[in-house]
Amino acid sequence: MKGSNKPSGKTITVTWKRSVIGRPEVQRRIIKGLGFKRLHQTLTLQDLPEIRGMIFHVNHLVEVTEGSER
């Protein structure tokens with residue numbers, strides 16, 4: 001479905017676990033860019049190389065769980 005916000009294909013579940021207080025501005029922007037609004041929030045995101053790269057840079061702040069194929 002074109003224009004849908006639902007992830008298609010493989011997904012990953014990402015939970016924001018640690019605060020960005022005292023972290024570099026780049027890491028703050030990555031957390032915001034992933035779509036997080038508050039600490040301990042969980043998002044289901046598409047398993048794309050771009051998303052994986054963003055997660056790689058903040059892997060000490062988030063927890064990743066492999067999703068299923070949709």
# chains A, B, ... in the order shown; residues from 1 in each chain; ligands from 1

call {"tool": "residues_around", "arguments": {"residues": "region 39-56 of chain A", "least_positions_apart": "6", "cutoff": "9 Å", "atoms": "only C-alpha atoms", "output": "list of chain:residue names"}}
result
A:Lys6, A:Pro7, A:Ser8, A:Gly9, A:Lys10, A:Thr11, A:Ile12, A:Thr13, A:Val14, A:Thr15, A:Trp16, A:Lys17, A:Arg18, A:Ser19, A:Ile30, A:Ile31, A:Gly33, A:Val62, A:Val64, A:Glu66, A:Gly67

call {"tool": "atom_distance", "arguments": {"atom1": "CA of Val20 (chain A)", "atom2": "CA of Phe36 (chain A)"}}
result
11.5 Å

call {"tool": "atom_distance", "arguments": {"atom1": "CA of Arg23 (chain A)", "atom2": "CA of Lys37 (chain A)"}}
result
16.4 Å
